[in-house]
Amino acid sequence: ILRILRIGRIGSVWNQQGLRARSQRKGSALLITNIVCDYEENNRYGAEIDEENMEWLLRTLGYHVVKRRNLSGEVHKQYSSLMKLLTFVVIMSHGERIDNRDAILGVHYHQSRNPNDVYFVDKTFSHLNSENCPALIDKQKVILIQACRGGGVEVRDQVPESDSWVHREKDFVCFMSTIPDTASYRNTKTGSHFINYILDVFCEWAHKDEIMELFRKVTNRMATCPGRTKDKLLPGLERTYLPKKFYLFPGL
């Protein structure tokens with residue numbers, strides 16, 4: 001029912017203003033979701049809902065979605081080269097803070113048995129910077145990460161996860177599901193709070209607002225709406241350098 005309401009709401013706005021044809025020029029987006037891990041206690045139940053929601057949102061926004069599941073840390077590295085063809089990257093997985101660096105944990109990861117199956121997120125930014133990827137100079141690069149950044153305890157059926165960032169070049173915007181040293185939460189039945197808030201805000205305002213305003217509205221809703229969890233959650237914008245406004249539907 002919620003999906004129907006979202007399609008009806010955003011679809012009616014786009015059809016009225018003739019935006020759907022313009023949205024087809026977006027290009028590709030990479031959507032990586034880790035769900036099933038080698039060790040059952042690491043399985044991310046409910047993450048398939050986040051994957052479905054984000055795929056629907058990106059396609060509705062006009063992106064061709066390259067979707068990959070259940071990657072190891074090494075495979076994450078391989079997809080870093082693919083990111084050079086993209087301007088929208090979504091990563092949803094467990095994560096951790098290792099040696100003062102944010103890391104995405106691969107599906108083979110285990111703290112004692114296989115601690116090296118990780119992908120350090122700063123590699124994403126180095127692959128996309130002006131020196132290594134001149135094709136994306138002056139093009140906005142949006143990175144969304146659903147995970148934790150260390151800290152936190154399990155709350156009911158909401159499972160802590162991990163977040164990451166790092167970038168030094170302009171035209172980046174990186175929006176993460178939580179602030180440093182804080183857990184992120186995923187409901188096994190409805191998906192992650194962060195992803196759900198993004199869908200709610202983008203469906204209502206993406207046709208009108210630039211992306212920093214969209215993220216501000218997501219932050220405001222997560223800070224003021226207690227309905228999804230008894231704990232207040234706050235997402236984080238990290239080292240974002242976006243000198244120009246970025247509209248998902250330019251030319252309005």
# chains A, B, ... in the order shown; residues from 1 in each chain; ligands from 1
>>> residues_around(residues="Gly73 (chain A)", least_positions_apart="5", cutoff="6 Å", atoms="only C-alpha atoms", output="ChimeraX atom specification")
/A:106,117-119
>>> residues_around(residues="Ile145 (chain A)", least_positions_apart="6", cutoff="12 Å", atoms="only C-alpha atoms", output="mmCIF file with C-alpha atoms, in the first residue's frame")
data_model
loop_
_atom_site.group_PDB
_atom_site.id
_atom_site.type_symbol
_atom_site.label_atom_id
_atom_site.label_comp_id
_atom_site.auth_asym_id
_atom_site.auth_seq_id
_atom_site.Cartn_x
_atom_site.Cartn_y
_atom_site.Cartn_z
ATOM 1 C CA LEU A 30 25.310 1.578 -8.404
ATOM 2 C CA LEU A 31 23.309 -0.124 -5.652
ATOM 3 C CA ILE A 32 25.246 -2.535 -3.413
ATOM 4 C CA THR A 33 23.388 -4.473 -0.702
ATOM 5 C CA ASN A 34 24.894 -7.092 1.582
ATOM 6 C CA ASP A 50 15.921 -1.353 1.650
ATOM 7 C CA MET A 54 16.188 2.227 -3.186
ATOM 8 C CA PHE A 88 25.098 7.980 -7.660
ATOM 9 C CA VAL A 89 26.410 5.221 -5.368
ATOM 10 C CA VAL A 90 24.403 3.521 -2.609
ATOM 11 C CA ILE A 91 26.106 1.055 -0.243
ATOM 12 C CA MET A 92 24.141 -0.849 2.416
ATOM 13 C CA SER A 93 26.056 -3.241 4.643
ATOM 14 C CA HIS A 94 27.608 -3.827 8.028
ATOM 15 C CA GLY A 95 30.536 -1.572 8.743
ATOM 16 C CA ASP A 102 35.466 3.752 8.083
ATOM 17 C CA ALA A 103 35.143 0.297 6.543
ATOM 18 C CA ILE A 104 32.418 -1.705 4.825
ATOM 19 C CA VAL A 121 35.334 3.696 2.096
ATOM 20 C CA THR A 124 35.613 5.248 -3.092
ATOM 21 C CA GLU A 161 25.161 -1.623 11.514
ATOM 22 C CA SER A 162 28.051 0.610 10.347
ATOM 23 C CA ASP A 163 28.663 3.760 8.291
ATOM 24 C CA SER A 164 31.519 5.340 6.457
ATOM 25 C CA TRP A 165 32.806 8.311 4.456
ATOM 26 C CA VAL A 166 35.909 10.199 3.397
ATOM 27 C CA VAL A 173 28.044 14.929 -1.193
ATOM 28 C CA CYS A 174 28.123 12.011 1.232
ATOM 29 C CA PHE A 175 25.083 11.334 3.415
ATOM 30 C CA MET A 176 25.345 8.630 6.068
ATOM 31 C CA SER A 177 22.757 6.983 8.229
ATOM 32 C CA THR A 178 24.334 8.032 11.522
ATOM 33 C CA ILE A 179 26.911 10.269 13.166
ATOM 34 C CA SER A 184 22.394 2.724 12.766
ATOM 35 C CA SER A 192 16.279 0.769 7.694
ATOM 36 C CA PHE A 194 17.436 6.045 7.152
ATOM 37 C CA ILE A 195 16.323 4.557 3.820
ATOM 38 C CA ILE A 198 14.961 9.193 2.298
ATOM 39 C CA PRO A 235 22.194 11.119 10.012
ATOM 40 C CA GLY A 236 25.449 12.808 9.078
ATOM 41 C CA LEU A 237 26.746 14.876 6.171
ATOM 42 C CA GLU A 238 30.503 14.384 6.095
#
>>> closest_residue(among="A:Glu41, A:Asp209, A:Asp138, A:Asp99", to="Phe120 (chain A)", atoms="only C-alpha atoms")
A:Asp99
>>> closest_residue(among="A:Asn114, A:Asn53, A:Asn187, A:Thr87", to="Ile143 (chain A)", atoms="only C-alpha atoms")
A:Thr87
>>> select_by_dssp(residues="region 47-224 of chain A", states="strand (DSSP E or B)", output="ChimeraX atom specification")
/A:63-69,88-92,95-98,101-105,110,114,118-120,141-146,155,158,161,172-176,184,186-187,191-192,210
>>> residues_around(residues="Tyr109 (chain A)", least_positions_apart="6", cutoff="9 Å", atoms="only C-alpha atoms", output="list in words")
Cys37, Asp38, Tyr39, Asn42, Ser72, Gly73, Pro115, Asn116, Asp117 and Val118 of chain A
>>> atom_distance(atom1="CA of Thr188 (chain A)", atom2="CA of His64 (chain A)")
27.3 Å
